[in-house]
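Asker: See upload-v4.tsv below, with TSV, C-alpha atoms and all ligand atoms.
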chain	number	residue	atom	x	y	z
A	161	MET	CA	6.13	-8.11	12.99
A	162	ALA	CA	5.09	-8.02	9.33
A	163	LEU	CA	7.36	-9.67	6.77
A	164	SER	CA	9.13	-7.27	4.44
A	165	HIS	CA	10.54	-7.58	0.94
A	166	ASP	CA	14.02	-7.65	2.44
A	167	ALA	CA	13.23	-10.64	4.68
A	168	ARG	CA	16.09	-12.87	5.73
A	169	ILE	CA	15.30	-16.51	5.00
A	170	ALA	CA	16.99	-19.50	6.64
A	171	ILE	CA	16.52	-22.87	4.99
A	172	VAL	CA	17.07	-25.62	7.51
A	173	GLY	CA	18.01	-28.88	5.79
A	174	ALA	CA	18.99	-27.52	2.40
A	175	GLY	CA	18.71	-30.79	0.49
A	176	LYS	CA	17.00	-31.32	-2.86
A	177	MET	CA	13.96	-29.19	-2.10
A	178	GLY	CA	15.89	-26.56	-0.15
A	179	GLU	CA	18.28	-26.15	-3.06
A	180	ALA	CA	15.34	-25.85	-5.47
A	181	LEU	CA	14.05	-22.97	-3.31
A	182	VAL	CA	17.43	-21.22	-3.20
A	183	SER	CA	17.90	-21.58	-6.92
A	184	GLY	CA	14.34	-20.48	-7.72
A	185	TRP	CA	14.35	-17.45	-5.43
A	186	LEU	CA	17.70	-16.23	-6.68
A	187	ASP	CA	16.42	-16.43	-10.28
A	188	CYS	CA	13.08	-14.83	-9.55
A	189	SER	CA	12.38	-11.27	-10.67
A	190	LYS	CA	8.80	-10.83	-9.38
A	191	PRO	CA	8.07	-9.37	-5.91
A	192	PRO	CA	8.46	-10.27	-3.11
A	193	ALA	CA	11.06	-12.90	-4.06
A	194	GLY	CA	12.44	-10.59	-6.75
A	195	THR	CA	14.31	-8.63	-4.10
A	196	ILE	CA	15.86	-11.75	-2.57
A	197	GLY	CA	19.55	-11.96	-3.18
A	198	ALA	CA	22.24	-14.24	-1.83
A	199	ARG	CA	22.60	-11.84	1.13
A	200	ASN	CA	19.05	-12.72	2.28
A	201	LEU	CA	19.56	-16.48	2.30
A	202	LEU	CA	21.14	-18.75	4.88
A	203	ALA	CA	21.27	-22.51	4.42
A	204	VAL	CA	21.63	-24.80	7.43
A	205	ASN	CA	22.81	-28.34	6.88
A	206	ARG	CA	24.51	-30.97	8.99
A	207	SER	CA	27.11	-31.71	6.31
A	208	GLN	CA	30.12	-29.46	5.73
A	209	GLU	CA	30.52	-30.87	2.24
A	210	ARG	CA	26.92	-29.93	1.36
A	211	CYS	CA	27.46	-26.42	2.78
A	212	ASP	CA	30.59	-25.92	0.68
A	213	GLN	CA	28.70	-27.07	-2.38
A	214	LEU	CA	25.81	-24.62	-1.77
A	215	ARG	CA	28.18	-21.73	-1.07
A	216	ARG	CA	30.06	-22.41	-4.30
A	217	ALA	CA	26.96	-22.88	-6.44
A	218	TYR	CA	24.86	-19.95	-5.17
A	219	GLY	CA	27.15	-17.65	-3.18
A	220	ILE	CA	24.89	-17.98	-0.12
A	221	ALA	CA	25.95	-18.41	3.50
A	222	CYS	CA	25.65	-21.92	4.87
A	223	THR	CA	26.19	-23.08	8.42
A	224	LEU	CA	26.20	-26.27	10.46
A	225	ASP	CA	25.00	-24.25	13.46
A	226	LEU	CA	21.22	-24.47	13.62
A	227	SER	CA	20.99	-21.60	16.13
A	228	GLU	CA	22.02	-19.15	13.37
A	229	ALA	CA	18.61	-19.77	11.76
A	230	LEU	CA	17.07	-17.87	14.67
A	231	SER	CA	18.27	-14.58	13.22
A	232	ALA	CA	16.05	-15.07	10.15
A	233	ASP	CA	12.61	-13.57	9.59
A	234	ILE	CA	11.49	-16.75	7.83
A	235	VAL	CA	12.74	-20.18	8.87
A	236	VAL	CA	12.00	-22.82	6.23
A	237	ILE	CA	11.87	-26.31	7.73
A	238	GLY	CA	13.21	-28.37	4.82
A	239	VAL	CA	14.20	-31.62	6.52
A	240	LYS	CA	12.40	-34.95	6.23
A	241	PRO	CA	9.20	-35.15	8.33
A	242	GLN	CA	10.78	-37.70	10.69
A	243	VAL	CA	13.62	-35.24	11.45
A	244	VAL	CA	11.38	-32.22	12.08
A	245	PRO	CA	10.73	-32.94	15.82
A	246	CYS	CA	14.45	-33.23	16.47
A	247	VAL	CA	15.31	-30.01	14.58
A	248	LEU	CA	12.56	-28.03	16.32
A	249	ALA	CA	13.65	-29.36	19.73
A	250	ASP	CA	17.21	-28.21	18.94
A	251	LEU	CA	15.91	-24.77	17.92
A	252	LYS	CA	14.02	-24.49	21.21
A	253	ARG	CA	17.13	-25.47	23.15
A	254	ALA	CA	19.04	-22.72	21.32
A	255	ASP	CA	16.38	-20.16	22.32
A	256	PRO	CA	15.02	-21.27	25.71
A	257	THR	CA	13.10	-18.03	26.35
A	258	GLY	CA	11.64	-18.08	22.84
A	259	ASP	CA	12.46	-14.38	22.42
A	260	ARG	CA	14.21	-14.83	19.09
A	261	MET	CA	11.79	-17.41	17.68
A	262	ARG	CA	8.80	-15.20	18.40
A	263	SER	CA	9.74	-12.77	15.62
A	264	SER	CA	10.12	-15.50	12.96
A	265	VAL	CA	7.61	-17.14	10.66
A	266	PHE	CA	8.19	-20.89	10.34
A	267	VAL	CA	7.48	-22.35	6.91
A	268	SER	CA	7.24	-26.13	6.87
A	269	ILE	CA	7.44	-27.98	3.58
A	270	ALA	CA	7.38	-31.38	5.32
A	271	ALA	CA	4.84	-33.85	3.96
A	272	GLY	CA	2.02	-34.69	6.35
A	273	LEU	CA	2.90	-32.56	9.36
A	274	SER	CA	0.07	-30.23	10.34
A	275	THR	CA	0.55	-26.64	11.41
A	276	ALA	CA	-0.89	-27.62	14.83
A	277	ALA	CA	1.73	-30.38	15.21
A	278	ILE	CA	4.51	-27.94	14.37
A	279	GLU	CA	3.13	-25.28	16.71
A	280	GLY	CA	3.05	-27.97	19.41
A	281	MET	CA	6.74	-28.73	18.80
A	282	LEU	CA	7.62	-25.01	18.94
A	283	PHE	CA	5.65	-22.85	21.38
A	284	GLU	CA	2.14	-21.54	21.79
A	285	GLY	CA	1.53	-18.73	19.36
A	286	ALA	CA	4.24	-19.78	16.89
A	287	ARG	CA	3.57	-18.37	13.41
A	288	VAL	CA	3.56	-21.43	11.17
A	289	VAL	CA	2.82	-21.59	7.45
A	290	ARG	CA	2.64	-24.99	5.80
A	291	VAL	CA	3.53	-25.34	2.13
A	292	MET	CA	3.43	-28.38	-0.12
A	293	PRO	CA	5.60	-27.45	-3.10
A	294	ASN	CA	6.99	-29.67	-5.84
A	295	MET	CA	10.31	-30.14	-7.58
A	296	PRO	CA	9.53	-28.21	-10.82
A	297	LEU	CA	9.72	-25.02	-8.77
A	298	MET	CA	13.43	-25.31	-9.49
A	299	VAL	CA	12.58	-24.11	-13.01
A	300	ALA	CA	9.83	-21.71	-11.86
A	301	GLN	CA	7.12	-24.19	-12.84
A	302	GLY	CA	6.16	-25.46	-9.39
A	303	ALA	CA	2.73	-26.03	-7.89
A	304	SER	CA	2.50	-25.15	-4.19
A	305	GLY	CA	-0.44	-25.48	-1.79
A	306	VAL	CA	-0.18	-23.03	1.13
A	307	CYS	CA	-2.08	-22.83	4.43
A	308	GLY	CA	-1.57	-20.92	7.66
A	309	GLY	CA	-1.58	-22.09	11.26
A	310	ALA	CA	-3.73	-20.70	14.08
A	311	ALA	CA	-1.38	-17.87	15.08
A	312	CYS	CA	-0.52	-16.68	11.59
A	313	ALA	CA	-1.71	-13.36	10.25
A	314	SER	CA	-3.32	-13.60	6.84
A	315	GLU	CA	-0.53	-11.25	5.63
A	316	ASP	CA	2.08	-13.88	6.65
A	317	VAL	CA	0.28	-16.54	4.63
A	318	ALA	CA	-0.14	-14.22	1.64
A	319	PHE	CA	3.56	-13.26	1.81
A	320	VAL	CA	4.64	-16.91	1.78
A	321	ARG	CA	2.16	-17.66	-1.01
A	322	ASP	CA	3.76	-14.88	-3.06
A	323	LEU	CA	7.27	-16.16	-2.29
A	324	PHE	CA	6.31	-19.56	-3.71
A	325	GLY	CA	4.22	-17.89	-6.43
A	326	CYS	CA	7.48	-16.61	-7.83
A	327	LEU	CA	8.39	-20.24	-8.48
A	328	GLY	CA	5.24	-21.25	-10.36
A	329	VAL	CA	1.64	-21.57	-9.22
A	330	ALA	CA	0.96	-21.08	-5.50
A	331	GLN	CA	-2.50	-21.19	-4.01
A	332	ILE	CA	-3.87	-20.92	-0.47
A	333	VAL	CA	-5.92	-24.03	0.33
A	334	PRO	CA	-7.67	-25.29	3.48
A	335	GLU	CA	-5.30	-27.35	5.60
A	336	SER	CA	-7.63	-30.35	5.22
A	337	ASP	CA	-6.69	-30.39	1.49
A	338	MET	CA	-2.94	-30.62	2.07
A	339	ASP	CA	-2.68	-34.44	1.98
A	340	ALA	CA	-4.48	-34.41	-1.36
A	341	VAL	CA	-2.22	-31.63	-2.68
A	342	CYS	CA	0.79	-33.67	-1.59
A	343	ALA	CA	-0.58	-36.76	-3.35
A	344	LEU	CA	-1.40	-34.82	-6.52
A	345	SER	CA	1.32	-32.27	-7.17
A	346	GLY	CA	3.90	-32.91	-4.41
A	347	SER	CA	4.55	-36.48	-5.54
A	348	GLY	CA	3.08	-35.91	-9.03
A	349	PRO	CA	6.35	-35.15	-10.85
A	350	ALA	CA	7.43	-38.73	-10.07
A	351	TYR	CA	4.23	-40.10	-11.68
A	352	VAL	CA	4.94	-38.05	-14.80
A	353	ALA	CA	8.53	-39.30	-14.79
A	354	LEU	CA	7.24	-42.89	-14.63
A	355	MET	CA	4.92	-42.13	-17.54
A	356	VAL	CA	7.87	-40.80	-19.56
A	357	GLU	CA	9.95	-43.87	-18.68
A	358	SER	CA	7.08	-46.19	-19.66
A	359	MET	CA	6.47	-44.38	-22.96
A	360	ARG	CA	10.20	-44.40	-23.71
A	361	ASP	CA	10.59	-48.11	-22.98
A	362	ALA	CA	7.48	-49.01	-24.97
A	363	ALA	CA	8.75	-47.04	-27.97
A	364	ILE	CA	12.13	-48.77	-27.69
A	365	GLY	CA	10.11	-52.01	-27.84
A	366	GLU	CA	8.61	-50.75	-31.10
A	367	GLY	CA	12.10	-50.26	-32.55
A	368	LEU	CA	12.99	-46.63	-31.74
A	369	ASP	CA	16.48	-45.86	-30.43
A	370	ALA	CA	16.64	-44.98	-26.71
A	371	GLU	CA	17.74	-41.36	-27.16
A	372	THR	CA	15.01	-40.48	-29.66
A	373	ALA	CA	12.43	-42.36	-27.59
A	374	GLU	CA	13.20	-40.39	-24.40
A	375	ARG	CA	13.43	-37.06	-26.23
A	376	PHE	CA	10.08	-37.52	-27.94
A	377	ALA	CA	8.36	-38.89	-24.81
A	378	LEU	CA	9.52	-35.90	-22.77
A	379	GLN	CA	8.66	-33.33	-25.43
A	380	THR	CA	5.20	-34.90	-25.73
A	381	VAL	CA	4.53	-34.43	-22.00
A	382	TYR	CA	5.95	-30.90	-22.00
A	383	GLY	CA	4.21	-29.88	-25.22
A	384	THR	CA	0.86	-31.28	-24.12
A	385	ALA	CA	0.98	-29.45	-20.78
A	386	ARG	CA	1.91	-26.16	-22.48
A	387	TYR	CA	-0.74	-26.58	-25.16
A	388	MET	CA	-3.45	-27.24	-22.58
A	389	LEU	CA	-2.37	-24.42	-20.29
A	390	GLU	CA	-1.78	-21.77	-22.94
A	391	ARG	CA	-4.90	-22.56	-24.98
A	392	ARG	CA	-6.97	-23.31	-21.84
A	393	ILE	CA	-8.09	-26.65	-23.23
A	394	GLY	CA	-9.15	-29.27	-20.69
A	395	PRO	CA	-7.97	-32.88	-20.69
A	396	GLU	CA	-11.24	-34.33	-22.04
A	397	GLN	CA	-11.27	-31.94	-25.00
A	398	THR	CA	-7.57	-32.48	-25.66
A	399	ARG	CA	-8.06	-36.21	-25.71
A	400	ALA	CA	-11.07	-35.93	-28.04
A	401	SER	CA	-9.23	-33.67	-30.47
A	402	ILE	CA	-6.42	-36.20	-30.88
A	403	CYS	CA	-8.65	-39.23	-31.41
A	404	SER	CA	-9.45	-39.86	-35.09
A	405	PRO	CA	-12.40	-42.23	-35.50
A	406	ASN	CA	-11.07	-45.77	-35.54
A	407	GLY	CA	-7.53	-44.37	-35.44
A	408	THR	CA	-4.37	-45.10	-33.47
A	409	THR	CA	-5.23	-43.03	-30.38
A	410	VAL	CA	-8.57	-44.74	-29.81
A	411	ALA	CA	-6.80	-48.08	-30.05
A	412	ALA	CA	-4.21	-46.89	-27.51
A	413	LEU	CA	-6.72	-45.38	-25.05
A	414	ASP	CA	-8.88	-48.51	-25.16
A	415	ALA	CA	-5.78	-50.55	-24.32
A	416	MET	CA	-4.88	-48.16	-21.48
A	417	VAL	CA	-8.34	-48.35	-19.91
A	418	GLN	CA	-8.40	-52.11	-20.29
A	419	ALA	CA	-5.00	-52.39	-18.62
A	420	GLY	CA	-6.33	-50.37	-15.67
A	421	PHE	CA	-4.51	-47.06	-16.18
A	422	PRO	CA	-7.16	-44.82	-14.51
A	423	GLU	CA	-7.39	-47.22	-11.55
A	424	ALA	CA	-3.62	-47.33	-11.27
A	425	VAL	CA	-3.46	-43.52	-11.04
A	426	ARG	CA	-6.31	-43.48	-8.51
A	427	ALA	CA	-4.49	-46.08	-6.40
A	428	ALA	CA	-1.25	-44.10	-6.61
A	429	VAL	CA	-2.82	-40.83	-5.46
A	430	ALA	CA	-4.77	-42.61	-2.69
A	431	ALA	CA	-1.60	-44.35	-1.46
A	432	ALA	CA	0.33	-41.06	-1.38
A	433	ALA	CA	-2.49	-39.28	0.50
A	434	ARG	CA	-2.64	-42.16	3.00
A	435	ARG	CA	1.12	-42.00	3.50
A	436	SER	CA	0.97	-38.22	3.96
A	437	LYS	CA	-1.57	-38.74	6.76
A	438	GLU	CA	0.67	-41.39	8.34
A	439	LEU	CA	3.68	-39.06	8.19
A	440	GLY	CA	1.55	-36.51	10.03
A	441	ASN	CA	1.41	-38.85	13.00
A	442	VAL	CA	5.16	-38.52	13.60
A	443	GLN	CA	5.81	-36.93	17.02
A	501	LIG	N1	11.62	-33.89	-2.80
A	501	LIG	C1	10.44	-33.41	-3.15
A	501	LIG	O1	10.03	-33.47	-4.32
A	501	LIG	C2	9.55	-32.79	-2.11
A	501	LIG	C3	9.88	-32.81	-0.77
A	501	LIG	N2	9.05	-32.22	0.14
A	501	LIG	C4	9.42	-32.21	1.56
A	501	LIG	O2	10.63	-31.50	1.67
A	501	LIG	C5	11.39	-31.98	2.75
A	501	LIG	C6	12.82	-32.24	2.31
A	501	LIG	O3	12.80	-33.21	1.27
A	501	LIG	P1	14.06	-33.39	0.31
A	501	LIG	O4	14.66	-32.06	0.02
A	501	LIG	O5	13.60	-34.25	-0.78
A	501	LIG	O6	15.03	-34.21	1.27
A	501	LIG	P2	16.63	-34.23	1.29
A	501	LIG	O7	17.02	-35.47	2.01
A	501	LIG	O8	17.18	-34.00	-0.08
A	501	LIG	O9	17.01	-32.96	2.18
A	501	LIG	C7	17.01	-32.94	3.56
A	501	LIG	C8	18.32	-32.31	4.01
A	501	LIG	O10	18.25	-32.13	5.41
A	501	LIG	C9	19.55	-32.32	5.95
A	501	LIG	N3	19.42	-32.58	7.38
A	501	LIG	C10	19.01	-33.70	8.01
A	501	LIG	N4	19.02	-33.53	9.34
A	501	LIG	C11	19.41	-32.26	9.57
A	501	LIG	C12	19.60	-31.47	10.74
A	501	LIG	N5	19.39	-31.97	11.95
A	501	LIG	N6	20.01	-30.19	10.58
A	501	LIG	C13	20.22	-29.66	9.36
A	501	LIG	N7	20.08	-30.36	8.21
A	501	LIG	C14	19.67	-31.64	8.31
A	501	LIG	C15	20.08	-33.49	5.16
A	501	LIG	O11	21.49	-33.51	5.23
A	501	LIG	C16	19.55	-33.18	3.75
A	501	LIG	O12	20.50	-32.41	3.03
A	501	LIG	C17	10.69	-33.23	3.27
A	501	LIG	O13	10.03	-32.93	4.47
A	501	LIG	C18	9.69	-33.58	2.17
A	501	LIG	O14	8.50	-34.12	2.70
A	501	LIG	C19	7.92	-31.56	-0.22
A	501	LIG	C20	7.55	-31.53	-1.53
A	501	LIG	C21	8.31	-32.13	-2.59
A	502	LIG	O1	7.98	-38.44	-1.19
A	502	LIG	C1	7.79	-37.60	-0.30
A	502	LIG	O2	7.44	-37.96	0.85
A	502	LIG	C2	7.96	-36.14	-0.61
A	502	LIG	C3	6.70	-35.37	-0.40
A	502	LIG	C4	6.21	-35.01	-1.76
A	502	LIG	C5	7.30	-35.37	-2.64
A	502	LIG	N1	8.28	-35.93	-1.99
Here is a file; write its structure as structure tokens.
Answerer:
Amino acid sequence: MALSHDARIAIVGAGKMGEALVSGWLDCSKPPAGTIGARNLLAVNRSQERCDQLRRAYGIACTLDLSEALSADIVVIGVKPQVVPCVLADLKRADPTGDRMRSSVFVSIAAGLSTAAIEGMLFEGARVVRVMPNMPLMVAQGASGVCGGAACASEDVAFVRDLFGCLGVAQIVPESDMDAVCALSGSGPAYVALMVESMRDAAIGEGLDAETAERFALQTVYGTARYMLERRIGPEQTRASICSPNGTTVAALDAMVQAGFPEAVRAAVAAAARRSKELGNVQ
């Protein structure tokens, strides 16, 4: 059955990422997520306290009973990768004939786990879409890679892409790219946060007070990203336009290269991609 703009969405494991989705979709005004209201959303969590918190904050239904997710058109799997096999086994137990599950599209945001692995944990012919989003989707500035499993219609994948597209950039990519997407944009906000911390602490070392240092570091990251996106100026050109001959920026960039900054970033992205592949081996 094709997904409609009034789809019911269950978010299983509504933790940090699940909450970002709820918050983003409720704020979104573009189709198809623009028609999603609290009535369309159901959170599933194992903690009553967490459920109460989500109900209060967003006015959505929340349940401890996983089987209620089976009434949804879209079931978002938002638990940690290691917990996914257990949750999917519980869902199968709740629907032994598979009649209810067959009408749902399963959207996994778990790092590493392939669509084939998830299909294997569900049933043959399960409609699975894999998404690798990131935390800034909470403020509609996310970056999400999307790919469909073997039994998915291209309309299912496009629908899910548009749901996440309401929360920033969402792009369909080959599944073989998903570990790289995870290592780049999935984990990327943490690299940027480390950059902000490092810039803040270095400026404190140069005598700036902590509050000013953090404010200016953060605004510099935000302003640079906006400038480059809005003016469509690439990183090389941006860098060149800031470097005065024999000026401060050249001195800084030379020091960064000498200290191994590009290698450090390469190592970080490679380590995350490796870990994503390892997480995919969870069964
Ligand atoms: N945090 C991030 O920036 C990103 C996370 N992801 C993926 O999103 C998924 C969730 O990550 P987070 O939200 O960060 O984790 P989290 O730990 O904040 O959320 C997971 C939630 O699942 C709940 N849970 C655990 N077992 C459950 C069960 N059996 N039934 C129902 N609920 C259960 C936990 O109580 C928790 O609230 C992971 O698979 C991760 O790989 C993907 C992209 C970015
Ligand atoms: O650290 C993790 O495994 C997850 C996936 C991408 C961001 N957080």
Asker: Quote the spacing between CA of Pro334 in chain A and CA of Leu273 in chain A in Å to one decimal place.
Answerer: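 Distance reported for this atom pair: 14.1 Å.
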Asker: Find, counting only C-alpha atoms and all ligand atoms, the residue in A:Ala217, A:Val291, A:Leu368, A:Leu230 that gets nearest to ligand LIG 501 (chain A).
Answerer: A:Val291
Asker: Please, which residues have at least one atom within 9 Å of an atom of ligand LIG 502 (chain A), using all atoms listed in the file, listed as a ChimeraX atom specification?
Answerer: /A:177,240-241,269-272,292-295,342-350,432,435-436,439
Asker: If I wrap all listed atoms of range 280-295 of chain A in a box with edges along x, y and z and add 4 Å on each side, what are its centre and edge lengths in Å to one decimal, as lines of an AutoDock Vina configuration file?
Answerer:
center_x = 5.9
center_y = -24.3
center_z = 7.1
size_x = 16.8
size_y = 19.8
size_z = 37.4
Asker: Near range 414-426 of chain A, within 9 Å and counting only C-alpha atoms, which residues show up once chain neighbours fewer than 5 positions away are dropped, as an MDAnalysis selection string?
Answerer: chainID A and resid 351 409 431
Asker: List as an MDAnalysis selection string the protein and nucleic acid residues near Leu202 in chain A, meaning an atom at most 12 Å away when only C-alpha atoms are counted, but skip any in the same chain fewer than 5 places from it.
Answerer: chainID A and resid 167:174 178:179 181:182 196:197 211 214:215 218:236
Asker: Using only C-alpha atoms and all ligand atoms, pick whichever of A:Thr372, A:Thr275, A:Gln331, A:Asn205 has the shortest atom-to-atom distance to ligand LIG 501 (chain A).
Answerer: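 Closest residue, counting only C-alpha atoms and all ligand atoms: A:Asn205.
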Asker: If I take CA of Arg392 in chain A and CA of Ala303 in chain A, how far is one from the other in Å, to one decimal?
Answerer: 17.2 Å
Asker: Which neighbours of Val317 in chain A fall inside 9 Å, counting all atoms listed in the file, when residues of the same chain fewer than 2 positions from it are skipped, and could you give them as a PyMOL selection string?
Answerer: chain A and resi 288-290+306-309+312-315+319-322+332
Asker: Hey, can you check how far CA of Glu390 in chain A sits from CA of Val356 in chain A?
Answerer: 21.6 Å
Asker: So, with only C-alpha atoms as the atoms that count, which of A:Met281, A:Val352, A:Ala428, A:Val239 lies closest to Lys176 in chain A?
Answerer: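 Of the candidates, the smallest distance to Lys176 in chain A is held by A:Val239.
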Asker: Leaving out range 189-194 of chain A and any residue of its chain fewer than 4 positions from it, which residues lie within 7 Å of it when counting all atoms listed in the file, given as a list of chain:residue names?
Answerer: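 My list of contacting residues is A:His165, A:Trp185, A:Asp322, A:Leu323, A:Cys326.
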Asker: Using only C-alpha atoms, which of A:Lys437, A:Thr195, A:Ile364, A:Phe266 sits nearest Met338 in chain A?
Answerer: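 Between A:Lys437, A:Thr195, A:Ile364, A:Phe266, the residue approaching Met338 in chain A most closely is A:Lys437.
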Asker: Counting only C-alpha atoms, which residue out of A:Ser404, A:Ser304, A:Arg262, A:Arg206 sits closest to Val243 in chain A?
Answerer: A:Arg206
